[in-house]
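Peer 1: Once you've had a glance at the structure underneath, I'll fire off some questions.
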Number of protein chains: 2
Amino acid sequence: MPRINFHQQLAALKDKLLAMAALSQQALELSVEAYVSRDTSLANHVLEIEQAINAAETTVDEMAYELLAKEQPMAVDLRFILSVIKINGDLERIGDQATGIARRVILLNAQSLIDLPIDMQEMGGKVGVMIRRAIQSLLEADAKLAESVLALDDEVDVMNRAVQTELIELMQRQPESSEQALSAIIISRNLERAADHATNIAEDVIFWVRGSDVRHKLSLVESD
Amino acid sequence: MPRINFHQQLAALKDKLLAMAALSQQALELSVEAYVSRDTSLANHVLEIEQAINAAETTVDEMAYELLAKEQPMAVDLRFILSVIKINGDLERIGDQATGIARRVILLNAQSLIDLPIDMQEMGGKVGVMIRRAIQSLLEADAKLAESVLALDDEVDVMNRAVQTELIELMQRQPESSEQALSAIIISRNLERAADHATNIAEDVIFWVRGSDVRHKLSLVESD
């Protein structure tokens, strides 16, 4: 295989990470949709996407290793590649949370439906935005955009705590709802964890951007 | 600072990771002890250890970056250093799970105690063993020992599911126990996630050991 230009390889790595991010975000959003609409086939589709995410994770890791092993990246590019490795892990874990939700949906669908006083769709939507912004902030080396992800994480934490409080009360009033209420609490925690992973990504971006000087930052944006 | 020998730096990195692992394992075991004995001051101590874990995580990352940036590690050492970076992240997340348990213990202690039909100590003990073995398998490049961690993870998964089933039944029979039962379910899940992180570490070790050839493996063990 001919050795291609370093910046082309770096751009290819970014493209692959972006594709991976799209899969993770899609898995998460579809898992919430599957829960809200109690759609088993959609939940099964999330499990398929998870397979693709796992394959993409391996590819991104291998590309990053290759770059580190064969080139001698300068400090700023080295930090970028190491950020990619970490972000890759966080994206895979977002996929895990989506899978957790999907598995629970499949179990739940064996039971009759109880209406719960929570809005999982809104919470899921917020987490989807966080993932999207975290990745955009990486691609544009935009620490300010990354910071907005941290603010959204606080909102998701508040929502998660509210779900828990509401549903504990419900369990006490209507013990027969306990199992489904518990599932909703756990799904809400899955979302909160996915939000934490988006936050990790944003923090890595802030660290990477602030650790690099302006020239390098600009040259990296231009190399897109 | 004089540039010291590469293998000395690698050994220093291992030592620091080992210290970090000891902190994470201690935090997890103490958090379970704090839960079982409802000991608020022990729970607060876990929160202090978490601060030390976060500081150690940063140090390990910086040492690994330094090694990658200033030396040009050969393939096997490169993979080892990248494994260290990943394992470092998993150890920090084990600390997060311990913190989650400790925070919940502090909240729980405001309430009167309900006796629950579960053995959290046994589950916590198993997770502690997993963390210890995962780190030992890294230090000794022992893929077989790492594989035994994966088997323990299956046991922890089974225990976690049993806790959930038991406690949902309890919630339905005794609605007034719902809040404390839910806390126990969530602590059980914290342990299950800590076990997942130990499993991630073991998987990284297996990958690293199998990806390296025997000579390199031997030389690495000797450099300890």
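Residues are referred to by chain and number: the chain letter is A, B, ... according to the order shown in the structure tokens, the number counts from 1 in that chain, and ligands are numbered separately from 1 in the order shown.
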Write down, as JSON, numbers by chain, each residue of chain B that has any atom within 7 Å of an atom of chain A, counting only C-alpha atoms.
Peer 2: {"B": [69, 75, 168, 171, 172, 175, 176, 178, 179]}
Peer 1: Keeping only N, CA, C and O atoms, write the selected residues to a file as a tab-separated table (two decimals), in the first residue's frame.
Peer 2:
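And here's result.tsv as it stands now:
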chain	number	residue	atom	x	y	z
B	69	ALA	N	5.15	11.49	22.64
B	69	ALA	CA	5.61	12.69	21.92
B	69	ALA	C	7.13	12.71	21.81
B	69	ALA	O	7.68	13.09	20.76
B	75	ALA	N	6.25	-0.68	17.86
B	75	ALA	CA	4.84	-1.10	17.79
B	75	ALA	C	4.30	-1.68	19.10
B	75	ALA	O	3.25	-1.26	19.57
B	168	ILE	N	-37.80	-5.98	42.83
B	168	ILE	CA	-39.07	-5.58	42.20
B	168	ILE	C	-40.22	-6.28	42.92
B	168	ILE	O	-41.24	-5.66	43.22
B	171	MET	N	-40.80	-4.48	46.15
B	171	MET	CA	-41.49	-3.20	45.93
B	171	MET	C	-42.99	-3.41	45.78
B	171	MET	O	-43.79	-2.60	46.23
B	172	GLN	N	-43.34	-4.49	45.10
B	172	GLN	CA	-44.77	-4.74	44.87
B	172	GLN	C	-45.47	-5.19	46.15
B	172	GLN	O	-46.61	-4.81	46.39
B	175	PRO	N	-44.78	-1.46	49.18
B	175	PRO	CA	-44.53	-0.22	48.44
B	175	PRO	C	-43.69	0.79	49.23
B	175	PRO	O	-42.94	1.56	48.65
B	176	GLU	N	-43.80	0.76	50.57
B	176	GLU	CA	-43.06	1.73	51.37
B	176	GLU	C	-41.55	1.49	51.30
B	176	GLU	O	-40.75	2.36	51.65
B	178	SER	N	-40.04	1.04	48.45
B	178	SER	CA	-39.65	1.32	47.06
B	178	SER	C	-38.38	2.15	46.94
B	178	SER	O	-37.49	1.83	46.15
B	179	GLU	N	-38.30	3.22	47.72
B	179	GLU	CA	-37.16	4.13	47.54
B	179	GLU	C	-35.85	3.44	47.89
B	179	GLU	O	-34.87	3.53	47.15
Peer 1: Using only C-alpha atoms, which of the listed residues (A:Asp119, A:Glu92, A:Glu147, A:Asp204) sits closest to Arg133 in chain A?
Peer 2: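 Closest to Arg133 in chain A of all the choices is A:Glu147.
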Peer 1: Do you have the CA of Ile206 in chain B-CA of Ala141 in chain B distance handy?
Peer 2: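 CA of Ala141 in chain B lies at a distance of 8.2 Å from CA of Ile206 in chain B.
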